[in-house]
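Notes to accompany the following structure.
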Amino acid sequence: MARLVLSPRELREYIREHTGREVTACMHCGTCSAVCPVVNFMDMHPAALVRAVQRSAIDLGNLKVIWACISCMTCVDKCPRDVAPGLVIETLRQLALRNGIEPRTYSQMPIDETTPSILLVLYSRKGTG
Amino acid sequence: MQVLLYYPGCSIKRDFPEVEKASLAVLAALGYKVVELRDWYCCGGFPGTLAWDHIKYVSALRTLSMAYQQARELGASTIVTLCAFCYNTLKQASQLHEGSLEMYKRVADYLRDEFEPYRGGLRVAHFIEILYERVKEVAKLAEGRLKKIKVAAYYGCVLLRPKAVAVDNPDNPRIIEEIIKALGAEPVTYPYRTYCCGSFQILAEPSIVKRNVEKIAASIAGSGAEIVVTPCQLCLYNLRKYSNLKILDLSELVAYAMNLQESLSPEVLRAVRTFESKT
Ligand code: SF4
Ligand code: SF4
């Protein structure tokens, strides 16, 4: 997979520009990770990702959390500091896609005539940025 | 007669015609004149990805512009959807001019050559909101037909998040339970009723959906429910795929209770037949 390594500063600015949110406002309460329904399938849980974005360079090519998040928006509603981790994740996912990082293409989907359109629409949206 | 504009969306038309049939029968029985939009497109449907990308609002705002014109001709003020994702997407789009003004202007500028840009004036509602508003009439028409039946309401997440578009309190929603009571049935409580089923990951990472559905199903099994209803067709699909729950779209149980059997599919009638002896 392609590599895209961004410094905390680049990431912060990119996230601020696109979501209007400030990751440095995070107080590390862990609420976002506690409410996430797919946290067990993430390599880095939402609170850890927000922390990492503040402190260390991130290699988007190796980050699984951005592909596991289903954008349910629970953490966005629950974050007491309005950091909106789900939007941060969404931003990083779109940034990855725009740089050619793509874990799975549409043609690899197990689709047949019984697959509802809604799934095709959702996956197309998630898979194309 | 109150007119409701109806936005079907791609999945209801292609994959869940039985949900459409039951829902429209229920709305007609409640006295609504339901008029399908004469022109509509896919809503562009993934509300969670709308975060900052104005392009994703184009399709939904185009639909709202067209709907607004038709609503004026008909004297309608509400546009109703049956699909949770269509509801969420259209609802967020309908609020754009009140929230993210800069993004709204960019989309409106883009659409200006096609339509008068949508600037409010329509209420986007999901089917269950209409049912809840008319819950007394629902009760009257159902005549307590589902007495003694225990029903689990499974909300999923798309009708409740983000909270700006929630149909009810996202932390403790009650409206489906109130509708179940109106049918004469008994709503059960269980912890996982708003827990996300895993959504589109059924295509990408099915293990996520499998595990989430197992959690939800175990939680329902412990509640003593005889049947489950959901207002989201993707939940319906995922729960059917990975559990043995007896599960219906909410509209189907309501249609059954309101004696609208002719609107129901043979599978639904088979599923509810076991109730006949109880009631
Ligand atoms: S939006 Fe993503 S990270 Fe946040 S709770 Fe939902 S799945 Fe988890
Ligand atoms: S909920 Fe908000 S403040 Fe708490 S850890 Fe997550 S991002 Fe930080």
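Chains: A, B, ... in order of the structure tokens. Residues: from 1 per chain. Ligands: from 1, in order shown.
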Near segment 192-204 of chain B, within 8 Å and counting only C-alpha atoms, which residues show up once chain neighbours fewer than 2 positions away are dropped, as an mmCIF file with C-alpha atoms, in the first residue's frame?
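Written file, out15.cif:
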```
data_model
loop_
_atom_site.group_PDB
_atom_site.id
_atom_site.type_symbol
_atom_site.label_atom_id
_atom_site.label_comp_id
_atom_site.auth_asym_id
_atom_site.auth_seq_id
_atom_site.Cartn_x
_atom_site.Cartn_y
_atom_site.Cartn_z
ATOM 1 C CA PRO A 37 -19.607 0.181 18.448
ATOM 2 C CA VAL A 38 -16.670 -1.067 16.381
ATOM 3 C CA ALA A 68 -13.210 0.239 10.449
ATOM 4 C CA ILE A 70 -18.714 3.232 10.193
ATOM 5 C CA CYS A 72 -22.231 6.265 13.186
ATOM 6 C CA ARG A 104 -10.144 -2.643 -1.100
ATOM 7 C CA MET A 109 -16.840 -6.501 -2.967
ATOM 8 C CA PRO A 110 -18.974 -9.622 -2.534
ATOM 9 C CA ILE A 111 -21.929 -8.215 -4.458
ATOM 10 C CA LEU A 119 -25.169 -0.954 0.502
ATOM 11 C CA LEU A 122 -22.800 3.458 1.125
ATOM 12 C CA TYR A 123 -19.773 1.524 0.026
ATOM 13 C CA ALA B 153 -37.923 -2.103 19.071
ATOM 14 C CA TYR B 154 -34.536 -1.989 17.387
ATOM 15 C CA TYR B 155 -33.716 1.594 16.402
ATOM 16 C CA GLY B 156 -30.269 1.261 14.880
ATOM 17 C CA CYS B 157 -28.256 4.472 14.761
ATOM 18 C CA TYR B 190 -33.075 -4.350 26.373
ATOM 19 C CA PRO B 206 -18.450 -8.790 7.502
ATOM 20 C CA SER B 207 -16.948 -9.939 10.810
ATOM 21 C CA ILE B 208 -17.871 -6.511 12.242
ATOM 22 C CA VAL B 209 -21.535 -6.918 11.346
ATOM 23 C CA LYS B 210 -21.589 -10.531 12.458
ATOM 24 C CA ASN B 212 -22.475 -6.604 16.378
ATOM 25 C CA VAL B 213 -25.590 -8.472 15.277
ATOM 26 C CA LYS B 215 -24.531 -8.843 20.531
ATOM 27 C CA ILE B 216 -27.842 -7.258 19.569
ATOM 28 C CA SER B 219 -29.588 -8.786 24.110
ATOM 29 C CA ILE B 220 -32.999 -9.211 22.448
ATOM 30 C CA LEU B 234 -30.247 -1.914 6.295
ATOM 31 C CA CYS B 235 -30.642 -3.061 9.906
ATOM 32 C CA ASN B 238 -28.050 -7.221 8.411
ATOM 33 C CA LEU B 239 -30.051 -8.698 11.292
#
```
Let me see if you get this right: every residue at most 7 Å from ligand 2, counting only C-alpha atoms and all ligand atoms, written as a ChimeraX atom specification. /A:25-33,46-47,50,75,78-85
Please produce an output containing N, CA, C and O atoms for each residue in the selection, written as a PDB file, in the first residue's frame.
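For reference, result39.pdb as written:
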```
ATOM      1  N   ALA A  25      -8.078  20.358  21.686  1.00  0.00           N
ATOM      2  CA  ALA A  25      -9.071  20.576  22.755  1.00  0.00           C
ATOM      3  C   ALA A  25      -9.349  19.285  23.524  1.00  0.00           C
ATOM      4  O   ALA A  25      -9.958  19.309  24.594  1.00  0.00           O
ATOM      5  N   CYS A  26      -8.927  18.157  22.984  1.00  0.00           N
ATOM      6  CA  CYS A  26      -9.210  16.849  23.614  1.00  0.00           C
ATOM      7  C   CYS A  26      -8.659  16.795  25.028  1.00  0.00           C
ATOM      8  O   CYS A  26      -7.535  17.198  25.281  1.00  0.00           O
ATOM      9  N   MET A  27      -9.481  16.298  25.962  1.00  0.00           N
ATOM     10  CA  MET A  27      -8.995  16.172  27.338  1.00  0.00           C
ATOM     11  C   MET A  27      -8.782  14.704  27.707  1.00  0.00           C
ATOM     12  O   MET A  27      -8.715  14.347  28.862  1.00  0.00           O
ATOM     13  N   HIS A  28      -8.730  13.840  26.678  1.00  0.00           N
ATOM     14  CA  HIS A  28      -8.387  12.428  26.877  1.00  0.00           C
ATOM     15  C   HIS A  28      -9.316  11.720  27.858  1.00  0.00           C
ATOM     16  O   HIS A  28      -8.878  10.932  28.678  1.00  0.00           O
ATOM     17  N   CYS A  29     -10.582  12.028  27.763  1.00  0.00           N
ATOM     18  CA  CYS A  29     -11.521  11.397  28.695  1.00  0.00           C
ATOM     19  C   CYS A  29     -11.867   9.974  28.276  1.00  0.00           C
ATOM     20  O   CYS A  29     -12.345   9.179  29.067  1.00  0.00           O
ATOM     21  N   GLY A  30     -11.665   9.655  26.988  1.00  0.00           N
ATOM     22  CA  GLY A  30     -11.921   8.290  26.531  1.00  0.00           C
ATOM     23  C   GLY A  30     -13.376   8.001  26.187  1.00  0.00           C
ATOM     24  O   GLY A  30     -13.720   6.874  25.813  1.00  0.00           O
ATOM     25  N   THR A  31     -14.240   8.997  26.310  1.00  0.00           N
ATOM     26  CA  THR A  31     -15.658   8.775  26.015  1.00  0.00           C
ATOM     27  C   THR A  31     -15.863   8.225  24.606  1.00  0.00           C
ATOM     28  O   THR A  31     -16.624   7.282  24.393  1.00  0.00           O
ATOM     29  N   CYS A  32     -15.168   8.806  23.653  1.00  0.00           N
ATOM     30  CA  CYS A  32     -15.357   8.393  22.256  1.00  0.00           C
ATOM     31  C   CYS A  32     -15.065   6.906  22.075  1.00  0.00           C
ATOM     32  O   CYS A  32     -15.807   6.196  21.402  1.00  0.00           O
ATOM     33  N   SER A  33     -14.001   6.429  22.704  1.00  0.00           N
ATOM     34  CA  SER A  33     -13.661   5.009  22.569  1.00  0.00           C
ATOM     35  C   SER A  33     -14.685   4.141  23.288  1.00  0.00           C
ATOM     36  O   SER A  33     -15.019   3.056  22.826  1.00  0.00           O
ATOM     37  N   PRO A  46     -10.555   5.469  18.907  1.00  0.00           N
ATOM     38  CA  PRO A  46     -10.711   6.881  18.556  1.00  0.00           C
ATOM     39  C   PRO A  46      -9.936   7.855  19.448  1.00  0.00           C
ATOM     40  O   PRO A  46      -9.271   8.768  18.950  1.00  0.00           O
ATOM     41  N   ALA A  47      -9.975   7.641  20.767  1.00  0.00           N
ATOM     42  CA  ALA A  47      -9.260   8.574  21.659  1.00  0.00           C
ATOM     43  C   ALA A  47      -7.750   8.489  21.432  1.00  0.00           C
ATOM     44  O   ALA A  47      -7.048   9.504  21.463  1.00  0.00           O
ATOM     45  N   VAL A  50      -6.911  10.438  18.283  1.00  0.00           N
ATOM     46  CA  VAL A  50      -6.903  11.894  18.508  1.00  0.00           C
ATOM     47  C   VAL A  50      -5.609  12.293  19.222  1.00  0.00           C
ATOM     48  O   VAL A  50      -4.968  13.281  18.874  1.00  0.00           O
ATOM     49  N   CYS A  75     -19.738   9.042  18.684  1.00  0.00           N
ATOM     50  CA  CYS A  75     -18.661   9.753  19.390  1.00  0.00           C
ATOM     51  C   CYS A  75     -18.728  11.258  19.120  1.00  0.00           C
ATOM     52  O   CYS A  75     -18.348  12.059  19.976  1.00  0.00           O
ATOM     53  N   LYS A  78     -21.141  12.629  21.506  1.00  0.00           N
ATOM     54  CA  LYS A  78     -20.810  12.434  22.922  1.00  0.00           C
ATOM     55  C   LYS A  78     -19.564  13.174  23.394  1.00  0.00           C
ATOM     56  O   LYS A  78     -19.359  13.304  24.590  1.00  0.00           O
ATOM     57  N   CYS A  79     -18.704  13.581  22.492  1.00  0.00           N
ATOM     58  CA  CYS A  79     -17.436  14.212  22.894  1.00  0.00           C
ATOM     59  C   CYS A  79     -17.708  15.510  23.655  1.00  0.00           C
ATOM     60  O   CYS A  79     -18.322  16.429  23.126  1.00  0.00           O
ATOM     61  N   PRO A  80     -17.248  15.611  24.902  1.00  0.00           N
ATOM     62  CA  PRO A  80     -17.543  16.805  25.692  1.00  0.00           C
ATOM     63  C   PRO A  80     -16.779  18.038  25.223  1.00  0.00           C
ATOM     64  O   PRO A  80     -17.091  19.153  25.611  1.00  0.00           O
ATOM     65  N   ARG A  81     -15.732  17.857  24.381  1.00  0.00           N
ATOM     66  CA  ARG A  81     -14.922  18.988  23.948  1.00  0.00           C
ATOM     67  C   ARG A  81     -15.125  19.305  22.473  1.00  0.00           C
ATOM     68  O   ARG A  81     -14.368  20.060  21.889  1.00  0.00           O
ATOM     69  N   ASP A  82     -16.134  18.704  21.879  1.00  0.00           N
ATOM     70  CA  ASP A  82     -16.474  19.008  20.499  1.00  0.00           C
ATOM     71  C   ASP A  82     -15.319  18.725  19.509  1.00  0.00           C
ATOM     72  O   ASP A  82     -15.189  19.392  18.489  1.00  0.00           O
ATOM     73  N   VAL A  83     -14.524  17.729  19.848  1.00  0.00           N
ATOM     74  CA  VAL A  83     -13.420  17.346  18.954  1.00  0.00           C
ATOM     75  C   VAL A  83     -13.958  16.541  17.760  1.00  0.00           C
ATOM     76  O   VAL A  83     -13.376  16.545  16.678  1.00  0.00           O
ATOM     77  N   ALA A  84     -15.078  15.863  17.971  1.00  0.00           N
ATOM     78  CA  ALA A  84     -15.719  15.081  16.918  1.00  0.00           C
ATOM     79  C   ALA A  84     -14.777  14.052  16.284  1.00  0.00           C
ATOM     80  O   ALA A  84     -14.457  14.126  15.104  1.00  0.00           O
ATOM     81  N   PRO A  85     -14.332  13.071  17.063  1.00  0.00           N
ATOM     82  CA  PRO A  85     -13.389  12.082  16.531  1.00  0.00           C
ATOM     83  C   PRO A  85     -13.870  11.419  15.235  1.00  0.00           C
ATOM     84  O   PRO A  85     -13.062  11.165  14.340  1.00  0.00           O
TER      85      PRO A  85
END
```
- Residues of chain A near chain B: apply a cut-off of 10 Å, count only C-alpha atoms, and supply the list as a PyMOL selection string. chain A and resi 17-20+35-41+67-78+86-88+90-91+93-94+103-106+108-111+113-127+129
query: If you run DSSP on this backbone, which residues of segment 60-116 of chain B come out as strand (DSSP E or B), and could you give them as a ChimeraX atom specification?
result: /B:78-81
Take the residues that were just selected and, keeping all heavy atoms, output them as a short mmCIF file (atom, residue, chain, number, x, y, z; two decimals), in the first residue's frame.
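After the write, again09.cif holds the following:
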```cif
data_model
loop_
_atom_site.label_atom_id
_atom_site.label_comp_id
_atom_site.auth_asym_id
_atom_site.auth_seq_id
_atom_site.Cartn_x
_atom_site.Cartn_y
_atom_site.Cartn_z
N THR B 78 -44.65 18.79 4.09
CA THR B 78 -43.80 17.73 4.64
C THR B 78 -43.39 16.77 3.54
O THR B 78 -44.20 16.39 2.70
CB THR B 78 -44.56 16.95 5.73
OG1 THR B 78 -44.92 17.86 6.77
CG2 THR B 78 -43.72 15.83 6.32
N ILE B 79 -42.12 16.38 3.57
CA ILE B 79 -41.65 15.35 2.65
C ILE B 79 -41.27 14.14 3.51
O ILE B 79 -40.50 14.26 4.46
CB ILE B 79 -40.51 15.86 1.75
CG1 ILE B 79 -39.91 14.73 0.92
CG2 ILE B 79 -39.40 16.54 2.52
CD1 ILE B 79 -39.00 15.24 -0.19
N VAL B 80 -41.87 12.99 3.22
CA VAL B 80 -41.68 11.83 4.08
C VAL B 80 -40.80 10.80 3.37
O VAL B 80 -40.86 10.65 2.15
CB VAL B 80 -43.06 11.24 4.50
CG1 VAL B 80 -43.81 10.65 3.32
CG2 VAL B 80 -42.90 10.18 5.58
N THR B 81 -39.95 10.12 4.16
CA THR B 81 -39.12 9.04 3.63
C THR B 81 -39.35 7.79 4.45
O THR B 81 -39.79 7.86 5.60
CB THR B 81 -37.62 9.37 3.73
OG1 THR B 81 -37.25 9.32 5.11
CG2 THR B 81 -37.27 10.74 3.19
#
```
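Between atom CA of Ala217 of chain B and atom CA of Tyr87 of chain B lies a distance of 25.4 Å.
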What separates atom CA of Tyr132 of chain B and atom CA of Ser223 of chain B is a distance of 23.6 Å
Min atom-atom distance to ligand 1 from the set A:Pro8, A:Arg3, A:Ser56, A:Ile66, counting only C-alpha atoms and all ligand atoms, belongs to A:Ile66
What separates atom CA of Met42 of chain A and atom CA of Ala84 of chain B is a distance of 25.9 Å
DSSP alpha helix (DSSP H) selection over chain A, as a short mmCIF file (atom, residue, chain, number, x, y, z; two decimals) with N, CA, C and O atoms, in the first residue's frame:
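What ended up in states06.cif:
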```
data_model
loop_
_atom_site.label_atom_id
_atom_site.label_comp_id
_atom_site.auth_asym_id
_atom_site.auth_seq_id
_atom_site.Cartn_x
_atom_site.Cartn_y
_atom_site.Cartn_z
N PRO A 8 2.33 15.88 13.02
CA PRO A 8 1.18 16.35 13.81
C PRO A 8 0.70 17.72 13.34
O PRO A 8 -0.49 17.98 13.28
N ARG A 9 1.65 18.58 12.97
CA ARG A 9 1.26 19.92 12.57
C ARG A 9 0.46 19.92 11.28
O ARG A 9 -0.59 20.55 11.16
N GLU A 10 0.95 19.15 10.30
CA GLU A 10 0.22 19.05 9.03
C GLU A 10 -1.17 18.47 9.25
O GLU A 10 -2.16 18.94 8.69
N LEU A 11 -1.23 17.44 10.09
CA LEU A 11 -2.52 16.79 10.36
C LEU A 11 -3.49 17.75 11.04
O LEU A 11 -4.65 17.87 10.65
N ARG A 12 -2.99 18.43 12.06
CA ARG A 12 -3.85 19.37 12.80
C ARG A 12 -4.43 20.42 11.88
O ARG A 12 -5.61 20.74 11.93
N GLU A 13 -3.56 20.95 11.03
CA GLU A 13 -4.03 22.02 10.14
C GLU A 13 -5.03 21.50 9.12
O GLU A 13 -6.04 22.13 8.83
N TYR A 14 -4.74 20.33 8.61
CA TYR A 14 -5.66 19.74 7.63
C TYR A 14 -7.04 19.49 8.28
O TYR A 14 -8.08 19.80 7.71
N ILE A 15 -7.01 18.96 9.48
CA ILE A 15 -8.27 18.66 10.18
C ILE A 15 -9.02 19.96 10.52
O ILE A 15 -10.24 20.05 10.32
N ARG A 16 -8.30 20.95 10.95
CA ARG A 16 -8.94 22.23 11.28
C ARG A 16 -9.59 22.84 10.03
O ARG A 16 -10.73 23.29 10.05
N GLU A 17 -8.84 22.79 8.95
CA GLU A 17 -9.33 23.39 7.71
C GLU A 17 -10.62 22.70 7.23
O GLU A 17 -11.54 23.33 6.76
N HIS A 18 -10.67 21.37 7.37
CA HIS A 18 -11.79 20.63 6.80
C HIS A 18 -12.95 20.38 7.74
O HIS A 18 -14.07 20.17 7.30
N THR A 19 -12.71 20.37 9.03
CA THR A 19 -13.82 20.08 9.95
C THR A 19 -14.12 21.27 10.86
O THR A 19 -15.14 21.29 11.52
N THR A 31 -14.24 9.00 26.31
CA THR A 31 -15.66 8.77 26.01
C THR A 31 -15.86 8.23 24.61
O THR A 31 -16.62 7.28 24.39
N CYS A 32 -15.17 8.81 23.65
CA CYS A 32 -15.36 8.39 22.26
C CYS A 32 -15.07 6.91 22.07
O CYS A 32 -15.81 6.20 21.40
N SER A 33 -14.00 6.43 22.70
CA SER A 33 -13.66 5.01 22.57
C SER A 33 -14.68 4.14 23.29
O SER A 33 -15.02 3.06 22.83
N ALA A 34 -15.20 4.63 24.40
CA ALA A 34 -16.15 3.85 25.18
C ALA A 34 -17.48 3.66 24.43
O ALA A 34 -18.12 2.62 24.56
N VAL A 35 -17.89 4.64 23.65
CA VAL A 35 -19.20 4.53 22.99
C VAL A 35 -19.10 3.93 21.59
O VAL A 35 -20.12 3.61 20.99
N PRO A 46 -10.56 5.47 18.91
CA PRO A 46 -10.71 6.88 18.56
C PRO A 46 -9.94 7.86 19.45
O PRO A 46 -9.27 8.77 18.95
N ALA A 47 -9.97 7.64 20.77
CA ALA A 47 -9.26 8.57 21.66
C ALA A 47 -7.75 8.49 21.43
O ALA A 47 -7.05 9.50 21.46
N ALA A 48 -7.27 7.28 21.18
CA ALA A 48 -5.83 7.11 20.93
C ALA A 48 -5.44 7.78 19.62
O ALA A 48 -4.36 8.36 19.50
N LEU A 49 -6.33 7.73 18.65
CA LEU A 49 -6.03 8.37 17.37
C LEU A 49 -5.95 9.89 17.55
O LEU A 49 -5.03 10.54 17.05
N VAL A 50 -6.91 10.44 18.28
CA VAL A 50 -6.90 11.89 18.51
C VAL A 50 -5.61 12.29 19.22
O VAL A 50 -4.97 13.28 18.87
N ARG A 51 -5.21 11.48 20.17
CA ARG A 51 -3.97 11.75 20.89
C ARG A 51 -2.77 11.65 19.94
O ARG A 51 -1.88 12.52 19.95
N ALA A 52 -2.77 10.63 19.14
CA ALA A 52 -1.65 10.42 18.21
C ALA A 52 -1.55 11.59 17.23
O ALA A 52 -0.45 12.04 16.90
N VAL A 53 -2.70 12.07 16.78
CA VAL A 53 -2.70 13.19 15.83
C VAL A 53 -2.03 14.42 16.46
O VAL A 53 -1.40 15.21 15.78
N GLN A 54 -2.16 14.54 17.77
CA GLN A 54 -1.54 15.69 18.44
C GLN A 54 -0.05 15.52 18.64
O GLN A 54 0.66 16.49 18.79
N ARG A 55 0.39 14.29 18.73
CA ARG A 55 1.74 14.08 19.25
C ARG A 55 2.76 13.46 18.31
O ARG A 55 3.94 13.66 18.44
N VAL A 65 -7.90 1.99 11.61
CA VAL A 65 -9.08 2.58 12.23
C VAL A 65 -9.94 3.36 11.21
O VAL A 65 -11.17 3.31 11.24
N ILE A 66 -9.29 3.99 10.24
CA ILE A 66 -10.07 4.80 9.30
C ILE A 66 -10.94 3.93 8.38
O ILE A 66 -11.91 4.41 7.82
N TRP A 67 -10.61 2.66 8.28
CA TRP A 67 -11.44 1.78 7.45
C TRP A 67 -12.47 1.01 8.28
O TRP A 67 -13.43 0.46 7.74
N ALA A 68 -12.26 0.96 9.59
CA ALA A 68 -13.21 0.24 10.45
C ALA A 68 -14.38 1.14 10.85
O ALA A 68 -15.51 0.68 10.99
N THR A 74 -21.83 8.52 16.86
CA THR A 74 -22.08 8.48 18.31
C THR A 74 -21.00 9.27 19.05
O THR A 74 -21.30 10.09 19.92
N CYS A 75 -19.74 9.04 18.68
CA CYS A 75 -18.66 9.75 19.39
C CYS A 75 -18.73 11.26 19.12
O CYS A 75 -18.35 12.06 19.98
N VAL A 76 -19.22 11.61 17.95
CA VAL A 76 -19.32 13.05 17.60
C VAL A 76 -20.33 13.72 18.53
O VAL A 76 -20.11 14.82 19.04
N ASP A 77 -21.44 13.02 18.78
CA ASP A 77 -22.46 13.57 19.69
C ASP A 77 -21.98 13.59 21.14
O ASP A 77 -22.39 14.43 21.92
N LYS A 78 -21.14 12.63 21.51
CA LYS A 78 -20.81 12.43 22.92
C LYS A 78 -19.56 13.17 23.39
O LYS A 78 -19.36 13.30 24.59
N PRO A 85 -14.33 13.07 17.06
CA PRO A 85 -13.39 12.08 16.53
C PRO A 85 -13.87 11.42 15.24
O PRO A 85 -13.06 11.17 14.34
N GLY A 86 -15.15 11.16 15.14
CA GLY A 86 -15.68 10.53 13.91
C GLY A 86 -15.43 11.39 12.67
O GLY A 86 -15.20 10.87 11.58
N LEU A 87 -15.47 12.70 12.84
CA LEU A 87 -15.18 13.59 11.70
C LEU A 87 -13.68 13.65 11.43
O LEU A 87 -13.25 13.77 10.28
N VAL A 88 -12.88 13.56 12.49
CA VAL A 88 -11.43 13.51 12.31
C VAL A 88 -11.07 12.26 11.50
O VAL A 88 -10.30 12.30 10.53
N ILE A 89 -11.67 11.14 11.89
CA ILE A 89 -11.41 9.88 11.19
C ILE A 89 -11.86 9.98 9.73
O ILE A 89 -11.16 9.56 8.81
N GLU A 90 -13.03 10.56 9.54
CA GLU A 90 -13.56 10.71 8.19
C GLU A 90 -12.62 11.56 7.33
O GLU A 90 -12.35 11.25 6.16
N THR A 91 -12.09 12.60 7.92
CA THR A 91 -11.17 13.48 7.21
C THR A 91 -9.90 12.72 6.80
O THR A 91 -9.43 12.84 5.66
N LEU A 92 -9.38 11.93 7.74
CA LEU A 92 -8.15 11.17 7.44
C LEU A 92 -8.41 10.10 6.38
O LEU A 92 -7.58 9.83 5.53
N ARG A 93 -9.60 9.52 6.43
CA ARG A 93 -9.94 8.50 5.44
C ARG A 93 -10.00 9.11 4.04
O ARG A 93 -9.46 8.57 3.07
N GLN A 94 -10.61 10.28 3.95
CA GLN A 94 -10.70 10.93 2.64
C GLN A 94 -9.32 11.37 2.16
O GLN A 94 -9.01 11.27 0.97
N LEU A 95 -8.50 11.81 3.09
CA LEU A 95 -7.13 12.20 2.73
C LEU A 95 -6.36 10.98 2.20
O LEU A 95 -5.64 11.08 1.20
N ALA A 96 -6.55 9.85 2.86
CA ALA A 96 -5.88 8.62 2.42
C ALA A 96 -6.33 8.25 1.01
O ALA A 96 -5.52 7.99 0.11
N LEU A 97 -7.64 8.26 0.80
CA LEU A 97 -8.17 7.89 -0.52
C LEU A 97 -7.64 8.82 -1.61
O LEU A 97 -7.29 8.39 -2.70
N ARG A 98 -7.56 10.10 -1.28
CA ARG A 98 -7.10 11.06 -2.28
C ARG A 98 -5.63 10.88 -2.61
O ARG A 98 -5.14 11.41 -3.60
N SER A 117 -29.40 -1.85 -2.88
CA SER A 117 -28.76 -0.64 -3.43
C SER A 117 -28.13 0.21 -2.34
O SER A 117 -27.09 0.81 -2.54
N ILE A 118 -28.80 0.27 -1.19
CA ILE A 118 -28.28 1.13 -0.14
C ILE A 118 -26.85 0.76 0.21
O ILE A 118 -26.00 1.63 0.44
N LEU A 119 -26.54 -0.54 0.19
CA LEU A 119 -25.17 -0.95 0.50
C LEU A 119 -24.20 -0.52 -0.57
O LEU A 119 -23.06 -0.15 -0.30
N LEU A 120 -24.65 -0.58 -1.83
CA LEU A 120 -23.76 -0.16 -2.92
C LEU A 120 -23.48 1.33 -2.81
O LEU A 120 -22.35 1.78 -2.99
N VAL A 121 -24.52 2.09 -2.48
CA VAL A 121 -24.35 3.54 -2.35
C VAL A 121 -23.39 3.84 -1.19
O VAL A 121 -22.45 4.61 -1.32
N LEU A 122 -23.64 3.19 -0.05
CA LEU A 122 -22.80 3.46 1.13
C LEU A 122 -21.36 3.09 0.85
O LEU A 122 -20.43 3.83 1.16
N TYR A 123 -21.15 1.92 0.26
CA TYR A 123 -19.77 1.52 0.03
C TYR A 123 -19.11 2.43 -1.02
O TYR A 123 -17.94 2.77 -0.88
N SER A 124 -19.85 2.82 -2.02
CA SER A 124 -19.26 3.73 -3.01
C SER A 124 -18.83 5.03 -2.36
O SER A 124 -17.77 5.57 -2.65
N ARG A 125 -19.68 5.52 -1.46
CA ARG A 125 -19.35 6.75 -0.76
C ARG A 125 -18.11 6.59 0.10
O ARG A 125 -17.19 7.41 0.09
N LYS A 126 -18.07 5.51 0.86
CA LYS A 126 -16.94 5.28 1.74
C LYS A 126 -15.67 4.97 0.94
O LYS A 126 -14.57 5.24 1.38
N GLY A 127 -15.86 4.38 -0.21
CA GLY A 127 -14.70 3.91 -0.96
C GLY A 127 -14.14 4.93 -1.96
O GLY A 127 -13.10 4.71 -2.55
N THR A 128 -14.85 6.06 -2.15
CA THR A 128 -14.36 7.01 -3.13
C THR A 128 -14.05 8.38 -2.53
O THR A 128 -13.74 9.31 -3.25
#
```
For Phe275 of chain B, list every protein, DNA or RNA residue within 10 Å, evaluated using only C-alpha atoms, and leave out those in the same chain fewer than 3 positions away; present the list as JSON, numbers by chain. {"B": [145, 146, 147, 148, 149, 226, 270, 271, 272, 278, 279]}
